[in-house]
Amino acid sequence: MSDANSSYGAGSPADLAARAAALDTADELGKLRDRFSLPDGVVYLDGNSLGALTTGVAARIAQVITHEWGTELIQSWSTGTWWTAPERIGDKLSPLIGAAPGQTVVGDSTSVNLFKALVGAARLAGPGRTRMLVDASTFPTDGYIAESAARMTGLTVMPVDPSRAAEAMSEDTAVVLLNHVDYRTGRLHDLPALTAAARAAGAVTVWDLCHSAGALPVGLDEHGVDLAVGCTYKYLNGGPGSPAYLYIAERHQQAFDSPLPGWNGHAEPFAMTPDYTPAAGAVRGRVGTPDILSMLALEAALDAWDGVSVEAVRAKSLALTDFFLECVAAYVPAGKVESVTPAEHGRRGSQVSLRTENARAVMDDLISRGVIGDFRAPDVLRFGFTPLYVGFADAERAARTLGHIFG
């Protein structure tokens with residue numbers, strides 16, 4: 001942990017607004033803000049919880065409701081775009097997680113997909129393995145699901161600090177579940193190294209990408225990840241409750257045994273046979289009838305990524321978070337906040353978390369002044385930086401407003 005007031009102190013308050021304006025002028029991604037509908041006068045730094053509305057979604061959903069559902073009725077399942085949506089949209093978002101087509105299917109929630117992935121991973125693991133390593137600081141639902149999946153598959157959950165996870169992997173390890181970015185602190189974990197360590201130990205990896213997909217390069221194929229899950233309503237801007245996704249590496253698809261063998265994942269779903277035969281490929285990760293309205297809203301939202309490279313997004317994310325920390329150091333009185341987000345770029349996601357007293361009241365005050373972040377108990381202010389629509393002037397205003405509250 002580092003004191004935000006001592007680690008970043010190069011800028012003076014008099015220069016920061018001018019620097020922010022210059023940085024925004026030079027920002028090649030700045031024009032992408034027009035792809036989003038954001039209220040005037042608001043600095044939105046909570047895209048790590050719920051992404052902003054993209055401009056094409058409302059018209060697309062209106063068309064789905066009035067024509068595809070309202071006029072075409074049930075025919076849209078067979079003549080329109082509905083039936084193939086889970087795998088089609090999976091392929092559309094795959095470049096954002098570094099996956100080739102045919103390995104990602106969209107549907108259900110992150111929790112449901114995580115259950116599928118963990119049980120499926122345990123069934124893929126070799127015989128005689130008894131442990132499931134789980135990120136000790138994980139989002140609570142991941143822990144709940146892991147405990148259930150472990151009971152179902154006869155494994156024992158072992159909580160580990162991700163920074164020490166490689167040391168805990170052994171011939172007894174069946175499954176390793178880790179978060180790419182810690183939801184509370186914004187700490188980025190070393191996916192390539194930890195995946196390689198798990199592979200060397202003969203374990204199957206499951207990565208939770210909820211706080212990294214759409215904010216930084218992931219490289220699932222490049223780094224040999226086995227299985228991954230993630231939500232789409234954060235940095236991918238799919239909308240509240242938008243469907244999650246499940247990645248099944250091609251080499252595992254034939255052997256992947258889902259614990260939720262629903263009719264949508266059947267090789268012949270309309271044959272209505274009493275016995276289950278899984279579909280080929282990642283499609284076997286489907287379960288029941290998909291939520292078409294949310295799914296097609298997500299598909300439209302992903303249009304905001306047209307022509308955008310994740311590498312450029314990552315570069316801006318790091319520049320934004322650096323600049324925000326510098327502004328915090330300039331505007332906030334010394335000792336009032338402490339950064340719990342790693343300063344090193346290689347260990348930082350796309351958010352800044354600041355520890356402070358009375359954090360809930362401070363965040364409520366920020367929101368009342370038009371700066372929207374969020375609070376995590378007991379004492380953390382979280383600020384998510386979504387480079388597609390957040391600019392440097394937003395970062396400067398947020399820090400300046402925080403300074404006014406403490407001033």
# chains A, B, ... in the order shown; residues from 1 in each chain; ligands from 1
call {"tool": "residues_around", "arguments": {"residues": "A:Phe375", "least_positions_apart": "5", "cutoff": "12 Å", "atoms": "only C-alpha atoms", "output": "ChimeraX atom specification"}}
result
/A:45-46,48-49,183-185,352-367,380-384
call {"tool": "write_last_selection", "arguments": {"atoms": "N, CA, C and O atoms", "output": "mmCIF file, in the first residue's frame"}}
result
data_model
loop_
_atom_site.group_PDB
_atom_site.id
_atom_site.type_symbol
_atom_site.label_atom_id
_atom_site.label_comp_id
_atom_site.auth_asym_id
_atom_site.auth_seq_id
_atom_site.Cartn_x
_atom_site.Cartn_y
_atom_site.Cartn_z
ATOM 1 N N LEU A 45 -17.236 7.460 -12.934
ATOM 2 C CA LEU A 45 -16.094 6.605 -12.638
ATOM 3 C C LEU A 45 -16.542 5.323 -11.938
ATOM 4 O O LEU A 45 -15.895 4.847 -11.013
ATOM 5 N N ASP A 46 -17.662 4.784 -12.405
ATOM 6 C CA ASP A 46 -18.158 3.524 -11.857
ATOM 7 C C ASP A 46 -18.423 2.506 -12.954
ATOM 8 O O ASP A 46 -19.240 1.600 -12.791
ATOM 9 N N ASN A 48 -16.588 0.216 -13.717
ATOM 10 C CA ASN A 48 -16.141 -1.090 -13.246
ATOM 11 C C ASN A 48 -17.245 -1.818 -12.480
ATOM 12 O O ASN A 48 -17.073 -2.964 -12.071
ATOM 13 N N SER A 49 -18.399 -1.149 -12.300
ATOM 14 C CA SER A 49 -19.586 -1.794 -11.741
ATOM 15 C C SER A 49 -20.696 -1.907 -12.781
ATOM 16 O O SER A 49 -21.331 -2.946 -12.912
ATOM 17 N N TYR A 183 -11.333 -7.123 -7.288
ATOM 18 C CA TYR A 183 -12.435 -6.166 -7.393
ATOM 19 C C TYR A 183 -12.332 -5.033 -6.390
ATOM 20 O O TYR A 183 -12.808 -3.926 -6.637
ATOM 21 N N ARG A 184 -11.703 -5.273 -5.241
ATOM 22 C CA ARG A 184 -11.662 -4.255 -4.200
ATOM 23 C C ARG A 184 -10.475 -3.303 -4.371
ATOM 24 O O ARG A 184 -10.620 -2.090 -4.272
ATOM 25 N N THR A 185 -9.306 -3.853 -4.650
ATOM 26 C CA THR A 185 -8.090 -3.032 -4.691
ATOM 27 C C THR A 185 -7.651 -2.641 -6.097
ATOM 28 O O THR A 185 -6.851 -1.722 -6.251
ATOM 29 N N VAL A 352 -8.733 2.808 -9.411
ATOM 30 C CA VAL A 352 -7.942 3.279 -8.280
ATOM 31 C C VAL A 352 -8.823 3.173 -7.048
ATOM 32 O O VAL A 352 -9.953 3.676 -7.035
ATOM 33 N N SER A 353 -8.315 2.519 -6.030
ATOM 34 C CA SER A 353 -9.028 2.381 -4.767
ATOM 35 C C SER A 353 -8.278 3.141 -3.685
ATOM 36 O O SER A 353 -7.080 2.925 -3.486
ATOM 37 N N LEU A 354 -9.004 4.015 -3.016
ATOM 38 C CA LEU A 354 -8.412 4.849 -1.972
ATOM 39 C C LEU A 354 -9.048 4.510 -0.633
ATOM 40 O O LEU A 354 -10.271 4.484 -0.514
ATOM 41 N N ARG A 355 -8.220 4.266 0.353
ATOM 42 C CA ARG A 355 -8.721 4.007 1.699
ATOM 43 C C ARG A 355 -8.817 5.320 2.472
ATOM 44 O O ARG A 355 -7.893 6.149 2.407
ATOM 45 N N THR A 356 -9.924 5.499 3.171
ATOM 46 C CA THR A 356 -10.115 6.718 3.956
ATOM 47 C C THR A 356 -11.136 6.473 5.056
ATOM 48 O O THR A 356 -11.926 5.519 4.984
ATOM 49 N N GLU A 357 -11.137 7.321 6.045
ATOM 50 C CA GLU A 357 -12.154 7.251 7.081
ATOM 51 C C GLU A 357 -13.489 7.748 6.522
ATOM 52 O O GLU A 357 -13.519 8.588 5.636
ATOM 53 N N ASN A 358 -14.570 7.216 7.045
ATOM 54 C CA ASN A 358 -15.917 7.640 6.640
ATOM 55 C C ASN A 358 -16.099 7.542 5.129
ATOM 56 O O ASN A 358 -16.671 8.422 4.485
ATOM 57 N N ALA A 359 -15.621 6.443 4.560
ATOM 58 C CA ALA A 359 -15.610 6.310 3.102
ATOM 59 C C ALA A 359 -17.015 6.382 2.502
ATOM 60 O O ALA A 359 -17.209 6.992 1.440
ATOM 61 N N ARG A 360 -17.987 5.791 3.153
ATOM 62 C CA ARG A 360 -19.342 5.819 2.587
ATOM 63 C C ARG A 360 -19.860 7.255 2.498
ATOM 64 O O ARG A 360 -20.416 7.657 1.477
ATOM 65 N N ALA A 361 -19.657 8.036 3.551
ATOM 66 C CA ALA A 361 -20.123 9.424 3.548
ATOM 67 C C ALA A 361 -19.371 10.249 2.514
ATOM 68 O O ALA A 361 -19.952 11.110 1.847
ATOM 69 N N VAL A 362 -18.089 9.978 2.380
ATOM 70 C CA VAL A 362 -17.294 10.706 1.373
ATOM 71 C C VAL A 362 -17.810 10.408 -0.025
ATOM 72 O O VAL A 362 -17.978 11.318 -0.846
ATOM 73 N N MET A 363 -18.087 9.127 -0.313
ATOM 74 C CA MET A 363 -18.589 8.790 -1.643
ATOM 75 C C MET A 363 -19.959 9.395 -1.876
ATOM 76 O O MET A 363 -20.263 9.893 -2.978
ATOM 77 N N ASP A 364 -20.818 9.379 -0.878
ATOM 78 C CA ASP A 364 -22.131 10.014 -1.029
ATOM 79 C C ASP A 364 -21.976 11.492 -1.360
ATOM 80 O O ASP A 364 -22.719 12.031 -2.193
ATOM 81 N N ASP A 365 -21.026 12.151 -0.724
ATOM 82 C CA ASP A 365 -20.779 13.577 -0.986
ATOM 83 C C ASP A 365 -20.266 13.773 -2.408
ATOM 84 O O ASP A 365 -20.703 14.684 -3.128
ATOM 85 N N LEU A 366 -19.355 12.928 -2.839
ATOM 86 C CA LEU A 366 -18.845 13.009 -4.216
ATOM 87 C C LEU A 366 -19.982 12.875 -5.226
ATOM 88 O O LEU A 366 -20.071 13.650 -6.189
ATOM 89 N N ILE A 367 -20.839 11.902 -5.001
ATOM 90 C CA ILE A 367 -21.935 11.677 -5.937
ATOM 91 C C ILE A 367 -22.866 12.871 -5.971
ATOM 92 O O ILE A 367 -23.356 13.284 -7.041
ATOM 93 N N VAL A 380 -13.153 1.803 1.645
ATOM 94 C CA VAL A 380 -12.530 1.970 0.331
ATOM 95 C C VAL A 380 -13.423 2.745 -0.634
ATOM 96 O O VAL A 380 -14.597 2.410 -0.818
ATOM 97 N N LEU A 381 -12.850 3.786 -1.239
ATOM 98 C CA LEU A 381 -13.468 4.500 -2.355
ATOM 99 C C LEU A 381 -12.926 3.893 -3.637
ATOM 100 O O LEU A 381 -11.704 3.811 -3.817
ATOM 101 N N ARG A 382 -13.803 3.472 -4.540
ATOM 102 C CA ARG A 382 -13.354 2.898 -5.811
ATOM 103 C C ARG A 382 -13.684 3.834 -6.962
ATOM 104 O O ARG A 382 -14.798 4.355 -7.065
ATOM 105 N N PHE A 383 -12.705 4.012 -7.849
ATOM 106 C CA PHE A 383 -12.891 4.836 -9.038
ATOM 107 C C PHE A 383 -12.468 4.013 -10.254
ATOM 108 O O PHE A 383 -11.295 3.653 -10.391
ATOM 109 N N GLY A 384 -13.432 3.681 -11.094
ATOM 110 C CA GLY A 384 -13.155 2.890 -12.282
ATOM 111 C C GLY A 384 -12.948 3.792 -13.490
ATOM 112 O O GLY A 384 -13.736 4.717 -13.726
#
call {"tool": "select_by_dssp", "arguments": {"residues": "stretch 11-147 of chain A", "states": "strand (DSSP E or B)", "output": "list in words"}}
result
Phe36, Ser37, Val43, Tyr44, Asp46, Leu53, Thr54, Thr104, Val105, Val106, Arg131, Met132, Leu133, Val134 and Asp135 of chain A
call {"tool": "residues_around", "arguments": {"residues": "A:Val105", "least_positions_apart": "6", "cutoff": "10 Å", "atoms": "only C-alpha atoms", "output": "NGL selection string"}}
result
:A and (85-91 or 93-94 or 113 or 229 or 244-248 or 281-286)
call {"tool": "write_last_selection", "arguments": {"atoms": "N, CA, C and O atoms", "output": "JSON list (two decimals), in the first residue's frame"}}
result
[["chain", "number", "residue", "atom", "x", "y", "z"],
["A", 85, "ALA", "N", -27.51, -16.42, -31.31],
["A", 85, "ALA", "CA", -26.95, -15.28, -30.59],
["A", 85, "ALA", "C", -25.87, -15.66, -29.58],
["A", 85, "ALA", "O", -24.83, -14.99, -29.51],
["A", 86, "PRO", "N", -26.02, -16.71, -28.77],
["A", 86, "PRO", "CA", -25.00, -16.99, -27.75],
["A", 86, "PRO", "C", -23.60, -17.20, -28.31],
["A", 86, "PRO", "O", -22.63, -16.64, -27.79],
["A", 87, "GLU", "N", -23.48, -17.98, -29.37],
["A", 87, "GLU", "CA", -22.15, -18.20, -29.93],
["A", 87, "GLU", "C", -21.72, -17.06, -30.84],
["A", 87, "GLU", "O", -20.53, -16.72, -30.92],
["A", 88, "ARG", "N", -22.66, -16.42, -31.53],
["A", 88, "ARG", "CA", -22.30, -15.30, -32.40],
["A", 88, "ARG", "C", -21.74, -14.13, -31.59],
["A", 88, "ARG", "O", -20.71, -13.54, -31.94],
["A", 89, "ILE", "N", -22.41, -13.81, -30.49],
["A", 89, "ILE", "CA", -21.95, -12.70, -29.65],
["A", 89, "ILE", "C", -20.68, -13.11, -28.91],
["A", 89, "ILE", "O", -19.80, -12.28, -28.65],
["A", 90, "GLY", "N", -20.57, -14.39, -28.58],
["A", 90, "GLY", "CA", -19.33, -14.88, -27.99],
["A", 90, "GLY", "C", -18.15, -14.64, -28.91],
["A", 90, "GLY", "O", -17.07, -14.19, -28.47],
["A", 91, "ASP", "N", -18.34, -14.90, -30.19],
["A", 91, "ASP", "CA", -17.26, -14.64, -31.16],
["A", 91, "ASP", "C", -16.99, -13.14, -31.29],
["A", 91, "ASP", "O", -15.85, -12.72, -31.51],
["A", 93, "LEU", "N", -17.18, -10.82, -28.93],
["A", 93, "LEU", "CA", -16.39, -10.31, -27.81],
["A", 93, "LEU", "C", -15.05, -11.04, -27.63],
["A", 93, "LEU", "O", -14.18, -10.57, -26.87],
["A", 94, "SER", "N", -14.87, -12.15, -28.33],
["A", 94, "SER", "CA", -13.65, -12.94, -28.15],
["A", 94, "SER", "C", -12.35, -12.16, -28.38],
["A", 94, "SER", "O", -11.38, -12.37, -27.63],
["A", 113, "ASN", "N", -22.07, -19.50, -14.90],
["A", 113, "ASN", "CA", -20.96, -19.93, -15.74],
["A", 113, "ASN", "C", -19.77, -20.39, -14.92],
["A", 113, "ASN", "O", -19.05, -21.32, -15.31],
["A", 229, "VAL", "N", -14.41, -17.17, -17.27],
["A", 229, "VAL", "CA", -15.76, -16.60, -17.22],
["A", 229, "VAL", "C", -15.65, -15.10, -17.01],
["A", 229, "VAL", "O", -14.61, -14.59, -16.60],
["A", 244, "ALA", "N", -23.49, -13.11, -19.12],
["A", 244, "ALA", "CA", -22.07, -13.35, -18.96],
["A", 244, "ALA", "C", -21.57, -14.26, -20.09],
["A", 244, "ALA", "O", -22.31, -14.57, -21.03],
["A", 245, "TYR", "N", -20.32, -14.69, -19.98],
["A", 245, "TYR", "CA", -19.77, -15.57, -21.02],
["A", 245, "TYR", "C", -18.92, -16.65, -20.37],
["A", 245, "TYR", "O", -18.43, -16.53, -19.25],
["A", 246, "LEU", "N", -18.77, -17.72, -21.12],
["A", 246, "LEU", "CA", -17.95, -18.87, -20.72],
["A", 246, "LEU", "C", -17.00, -19.18, -21.86],
["A", 246, "LEU", "O", -17.42, -19.37, -23.00],
["A", 247, "TYR", "N", -15.71, -19.22, -21.54],
["A", 247, "TYR", "CA", -14.67, -19.58, -22.51],
["A", 247, "TYR", "C", -14.21, -21.00, -22.22],
["A", 247, "TYR", "O", -13.85, -21.33, -21.08],
["A", 248, "ILE", "N", -14.24, -21.84, -23.24],
["A", 248, "ILE", "CA", -13.75, -23.21, -23.14],
["A", 248, "ILE", "C", -12.68, -23.37, -24.22],
["A", 248, "ILE", "O", -13.00, -23.34, -25.42],
["A", 281, "GLY", "N", -18.25, -28.42, -29.58],
["A", 281, "GLY", "CA", -17.68, -27.09, -29.35],
["A", 281, "GLY", "C", -18.20, -26.41, -28.11],
["A", 281, "GLY", "O", -18.83, -27.00, -27.23],
["A", 282, "ALA", "N", -17.96, -25.09, -28.05],
["A", 282, "ALA", "CA", -18.35, -24.30, -26.88],
["A", 282, "ALA", "C", -19.85, -24.21, -26.71],
["A", 282, "ALA", "O", -20.34, -23.85, -25.63],
["A", 283, "VAL", "N", -20.60, -24.56, -27.75],
["A", 283, "VAL", "CA", -22.06, -24.51, -27.67],
["A", 283, "VAL", "C", -22.57, -25.40, -26.54],
["A", 283, "VAL", "O", -23.63, -25.15, -25.98],
["A", 284, "ARG", "N", -21.82, -26.43, -26.18],
["A", 284, "ARG", "CA", -22.25, -27.30, -25.08],
["A", 284, "ARG", "C", -22.29, -26.54, -23.75],
["A", 284, "ARG", "O", -22.82, -27.06, -22.77],
["A", 285, "GLY", "N", -21.75, -25.33, -23.72],
["A", 285, "GLY", "CA", -21.84, -24.50, -22.54],
["A", 285, "GLY", "C", -23.17, -23.79, -22.39],
["A", 285, "GLY", "O", -23.44, -23.17, -21.36],
["A", 286, "ARG", "N", -24.02, -23.86, -23.42],
["A", 286, "ARG", "CA", -25.37, -23.30, -23.31],
["A", 286, "ARG", "C", -26.22, -24.18, -22.40],
["A", 286, "ARG", "O", -25.97, -25.37, -22.25]]
call {"tool": "residues_around", "arguments": {"residues": "A:His252", "least_positions_apart": "5", "cutoff": "9 Å", "atoms": "only C-alpha atoms", "output": "PDB file with all heavy atoms, in the first residue's frame"}}
result
ATOM      1  N   LEU A 124     -12.268 -32.444 -15.718  1.00  0.00           N
ATOM      2  CA  LEU A 124     -11.153 -32.514 -16.665  1.00  0.00           C
ATOM      3  C   LEU A 124      -9.844 -32.903 -15.983  1.00  0.00           C
ATOM      4  O   LEU A 124      -8.938 -33.431 -16.623  1.00  0.00           O
ATOM      5  CB  LEU A 124     -10.958 -31.161 -17.368  1.00  0.00           C
ATOM      6  CG  LEU A 124     -11.982 -30.743 -18.417  1.00  0.00           C
ATOM      7  CD1 LEU A 124     -11.773 -29.278 -18.807  1.00  0.00           C
ATOM      8  CD2 LEU A 124     -11.884 -31.628 -19.656  1.00  0.00           C
ATOM      9  N   ASP A 226      -7.254 -22.501 -19.597  1.00  0.00           N
ATOM     10  CA  ASP A 226      -8.155 -23.619 -19.862  1.00  0.00           C
ATOM     11  C   ASP A 226      -9.607 -23.159 -19.971  1.00  0.00           C
ATOM     12  O   ASP A 226     -10.294 -23.437 -20.960  1.00  0.00           O
ATOM     13  CB  ASP A 226      -8.020 -24.667 -18.757  1.00  0.00           C
ATOM     14  CG  ASP A 226      -6.613 -25.236 -18.677  1.00  0.00           C
ATOM     15  OD1 ASP A 226      -6.118 -25.711 -19.713  1.00  0.00           O
ATOM     16  OD2 ASP A 226      -6.015 -25.209 -17.587  1.00  0.00           O
ATOM     17  N   LEU A 227     -10.082 -22.474 -18.929  1.00  0.00           N
ATOM     18  CA  LEU A 227     -11.469 -22.021 -18.868  1.00  0.00           C
ATOM     19  C   LEU A 227     -11.494 -20.612 -18.279  1.00  0.00           C
ATOM     20  O   LEU A 227     -10.638 -20.257 -17.467  1.00  0.00           O
ATOM     21  CB  LEU A 227     -12.311 -22.952 -17.985  1.00  0.00           C
ATOM     22  CG  LEU A 227     -12.349 -24.431 -18.385  1.00  0.00           C
ATOM     23  CD1 LEU A 227     -12.868 -25.280 -17.220  1.00  0.00           C
ATOM     24  CD2 LEU A 227     -13.231 -24.634 -19.603  1.00  0.00           C
ATOM     25  N   GLY A 281     -18.247 -28.419 -29.577  1.00  0.00           N
ATOM     26  CA  GLY A 281     -17.677 -27.089 -29.354  1.00  0.00           C
ATOM     27  C   GLY A 281     -18.202 -26.408 -28.107  1.00  0.00           C
ATOM     28  O   GLY A 281     -18.825 -27.003 -27.235  1.00  0.00           O
TER      29      GLY A 281
END
call {"tool": "select_by_dssp", "arguments": {"residues": "stretch 227-387 of chain A", "states": "helix (DSSP H, G or I)", "output": "MDAnalysis selection string"}}
result
chainID A and resid 250:252 263:265 269:271 281:285 292:305 310:331 345:347 359:368
call {"tool": "residues_around", "arguments": {"residues": "stretch 34-37 of chain A", "least_positions_apart": "6", "cutoff": "6 Å", "atoms": "only C-alpha atoms", "output": "PyMOL selection string"}}
result
chain A and resi 53-55
call {"tool": "write_last_selection", "arguments": {"atoms": "all heavy atoms", "output": "compact mmCIF listing (two decimals), in the first residue's frame"}}
result
# COMPACT_ATOMS: atom_id res chain seq x y z
N LEU A 53 -24.37 3.51 -21.09
CA LEU A 53 -25.22 3.13 -22.22
C LEU A 53 -24.57 3.56 -23.53
O LEU A 53 -24.19 4.73 -23.70
CB LEU A 53 -26.59 3.80 -22.07
CG LEU A 53 -27.57 3.66 -23.25
CD1 LEU A 53 -28.01 2.22 -23.40
CD2 LEU A 53 -28.77 4.58 -23.03
N THR A 54 -24.46 2.64 -24.48
CA THR A 54 -23.96 3.00 -25.80
C THR A 54 -25.11 3.52 -26.66
O THR A 54 -26.27 3.14 -26.46
CB THR A 54 -23.28 1.80 -26.49
OG1 THR A 54 -24.22 0.75 -26.63
CG2 THR A 54 -22.10 1.30 -25.67
N THR A 55 -24.78 4.36 -27.61
CA THR A 55 -25.82 5.11 -28.33
C THR A 55 -26.70 4.24 -29.21
O THR A 55 -27.84 4.61 -29.48
CB THR A 55 -25.17 6.21 -29.19
OG1 THR A 55 -24.20 5.60 -30.07
CG2 THR A 55 -24.49 7.25 -28.33
call {"tool": "closest_residue", "arguments": {"among": "A:Gly335, A:Pro387, A:Pro13, A:Gly98", "to": "A:Arg33", "atoms": "only C-alpha atoms"}}
result
A:Pro387
call {"tool": "residues_around", "arguments": {"residues": "A:Pro278", "least_positions_apart": "5", "cutoff": "12 Å", "atoms": "only C-alpha atoms", "output": "list in words"}}
result
Gln253, Gln254, Ala255, Phe256, Asp257, Ser258, Pro259, Leu260, Pro261, Gly262, Trp263, Asn264, Gly265, His266, Ala267, Glu268, Pro269, Thr273, Val283, Arg284, Gly285, Arg286 and Val287 of chain A
call {"tool": "atom_distance", "arguments": {"atom1": "atom CA of A:Phe270", "atom2": "atom CA of A:Leu118"}}
result
28.1 Å
call {"tool": "residues_around", "arguments": {"residues": "A:Leu216", "least_positions_apart": "4", "cutoff": "9 Å", "atoms": "only C-alpha atoms", "output": "compact mmCIF listing (two decimals) with N, CA, C and O atoms, in the first residue's frame"}}
result
# COMPACT_ATOMS: atom_id res chain seq x y z
N LEU A 96 -11.64 -9.30 -27.51
CA LEU A 96 -11.38 -8.49 -26.32
C LEU A 96 -10.78 -9.30 -25.18
O LEU A 96 -10.24 -8.73 -24.23
N ILE A 97 -10.87 -10.62 -25.27
CA ILE A 97 -10.26 -11.49 -24.25
C ILE A 97 -9.16 -12.35 -24.85
O ILE A 97 -8.66 -13.26 -24.19
N SER A 212 -11.34 -7.21 -15.79
CA SER A 212 -10.24 -6.98 -16.73
C SER A 212 -10.70 -6.94 -18.18
O SER A 212 -10.17 -6.14 -18.98
N VAL A 310 -7.47 -3.18 -27.84
CA VAL A 310 -7.39 -3.28 -26.39
C VAL A 310 -6.06 -2.71 -25.89
O VAL A 310 -5.98 -2.15 -24.79
N GLU A 311 -5.04 -2.80 -26.70
CA GLU A 311 -3.73 -2.26 -26.31
C GLU A 311 -3.79 -0.75 -26.14
O GLU A 311 -3.21 -0.19 -25.19
N ALA A 312 -4.51 -0.06 -27.05
CA ALA A 312 -4.65 1.39 -26.92
C ALA A 312 -5.48 1.74 -25.68
O ALA A 312 -5.20 2.74 -24.99
N VAL A 313 -6.49 0.94 -25.41
CA VAL A 313 -7.30 1.16 -24.21
C VAL A 313 -6.44 1.00 -22.96
O VAL A 313 -6.53 1.79 -22.01
N ARG A 314 -5.60 -0.01 -22.94
CA ARG A 314 -4.72 -0.23 -21.79
C ARG A 314 -3.76 0.94 -21.59
O ARG A 314 -3.56 1.40 -20.44
N ALA A 315 -3.19 1.43 -22.67
CA ALA A 315 -2.26 2.56 -22.54
C ALA A 315 -2.96 3.78 -21.95
O ALA A 315 -2.42 4.47 -21.07
N SER A 317 -5.71 3.74 -20.12
CA SER A 317 -6.10 3.41 -18.74
C SER A 317 -4.97 3.71 -17.76
O SER A 317 -5.18 4.33 -16.71
N GLY A 349 -4.95 -2.77 -12.38
CA GLY A 349 -6.02 -2.90 -13.35
C GLY A 349 -6.42 -1.53 -13.87
O GLY A 349 -5.56 -0.69 -14.13
N SER A 350 -7.72 -1.29 -14.02
CA SER A 350 -8.18 -0.01 -14.56
C SER A 350 -9.02 0.74 -13.53
O SER A 350 -10.00 1.39 -13.88
call {"tool": "closest_residue", "arguments": {"among": "A:Ser12, A:Ser137, A:Ser294, A:Ser170", "to": "A:Ser109", "atoms": "only C-alpha atoms"}}
result
A:Ser294
call {"tool": "closest_residue", "arguments": {"among": "A:Leu293, A:Ala196, A:Ala330, A:Cys231", "to": "A:Val57", "atoms": "only C-alpha atoms"}}
result
A:Leu293
call {"tool": "closest_residue", "arguments": {"among": "A:Ser163, A:Gln63, A:Thr110, A:Thr25", "to": "A:Asp142", "atoms": "only C-alpha atoms"}}
result
A:Thr110
call {"tool": "closest_residue", "arguments": {"among": "A:Ile372, A:Pro378, A:Leu296, A:Phe406", "to": "A:Asp394", "atoms": "only C-alpha atoms"}}
result
A:Ile372
call {"tool": "decode", "arguments": {"residues": "stretch 101-115 of chain A", "atoms": "N, CA and C atoms", "output": "mmCIF file, in the first residue's frame"}}
result
data_model
loop_
_atom_site.group_PDB
_atom_site.id
_atom_site.type_symbol
_atom_site.label_atom_id
_atom_site.label_comp_id
_atom_site.auth_asym_id
_atom_site.auth_seq_id
_atom_site.Cartn_x
_atom_site.Cartn_y
_atom_site.Cartn_z
ATOM 1 N N PRO A 101 -12.238 -17.477 -32.521
ATOM 2 C CA PRO A 101 -13.664 -17.828 -32.602
ATOM 3 C C PRO A 101 -13.923 -19.282 -32.216
ATOM 4 N N GLY A 102 -15.176 -19.529 -31.797
ATOM 5 C CA GLY A 102 -15.595 -20.884 -31.511
ATOM 6 C C GLY A 102 -15.291 -21.379 -30.112
ATOM 7 N N GLN A 103 -14.838 -20.496 -29.222
ATOM 8 C CA GLN A 103 -14.473 -20.929 -27.875
ATOM 9 C C GLN A 103 -15.255 -20.217 -26.771
ATOM 10 N N THR A 104 -16.077 -19.257 -27.141
ATOM 11 C CA THR A 104 -16.774 -18.440 -26.143
ATOM 12 C C THR A 104 -18.265 -18.444 -26.435
ATOM 13 N N VAL A 105 -19.045 -18.719 -25.412
ATOM 14 C CA VAL A 105 -20.494 -18.711 -25.554
ATOM 15 C C VAL A 105 -21.067 -17.755 -24.513
ATOM 16 N N VAL A 106 -22.051 -16.960 -24.925
ATOM 17 C CA VAL A 106 -22.659 -15.955 -24.059
ATOM 18 C C VAL A 106 -23.987 -16.475 -23.522
ATOM 19 N N GLY A 107 -24.252 -16.217 -22.255
ATOM 20 C CA GLY A 107 -25.514 -16.611 -21.651
ATOM 21 C C GLY A 107 -25.366 -16.827 -20.164
ATOM 22 N N ASP A 108 -26.495 -16.799 -19.457
ATOM 23 C CA ASP A 108 -26.516 -17.018 -18.019
ATOM 24 C C ASP A 108 -25.744 -15.895 -17.296
ATOM 25 N N SER A 109 -25.541 -16.058 -16.000
ATOM 26 C CA SER A 109 -24.805 -15.078 -15.210
ATOM 27 C C SER A 109 -23.382 -15.561 -14.991
ATOM 28 N N THR A 110 -22.540 -14.672 -14.471
ATOM 29 C CA THR A 110 -21.177 -15.091 -14.150
ATOM 30 C C THR A 110 -21.193 -16.236 -13.147
ATOM 31 N N SER A 111 -22.069 -16.157 -12.151
ATOM 32 C CA SER A 111 -22.124 -17.202 -11.126
ATOM 33 C C SER A 111 -22.456 -18.563 -11.734
ATOM 34 N N VAL A 112 -23.444 -18.596 -12.628
ATOM 35 C CA VAL A 112 -23.825 -19.858 -13.264
ATOM 36 C C VAL A 112 -22.689 -20.375 -14.135
ATOM 37 N N ASN A 113 -22.071 -19.497 -14.895
ATOM 38 C CA ASN A 113 -20.960 -19.933 -15.740
ATOM 39 C C ASN A 113 -19.769 -20.393 -14.917
ATOM 40 N N LEU A 114 -19.554 -19.741 -13.785
ATOM 41 C CA LEU A 114 -18.458 -20.172 -12.925
ATOM 42 C C LEU A 114 -18.716 -21.572 -12.383
ATOM 43 N N PHE A 115 -19.955 -21.847 -12.018
ATOM 44 C CA PHE A 115 -20.292 -23.198 -11.551
ATOM 45 C C PHE A 115 -20.022 -24.226 -12.646
#
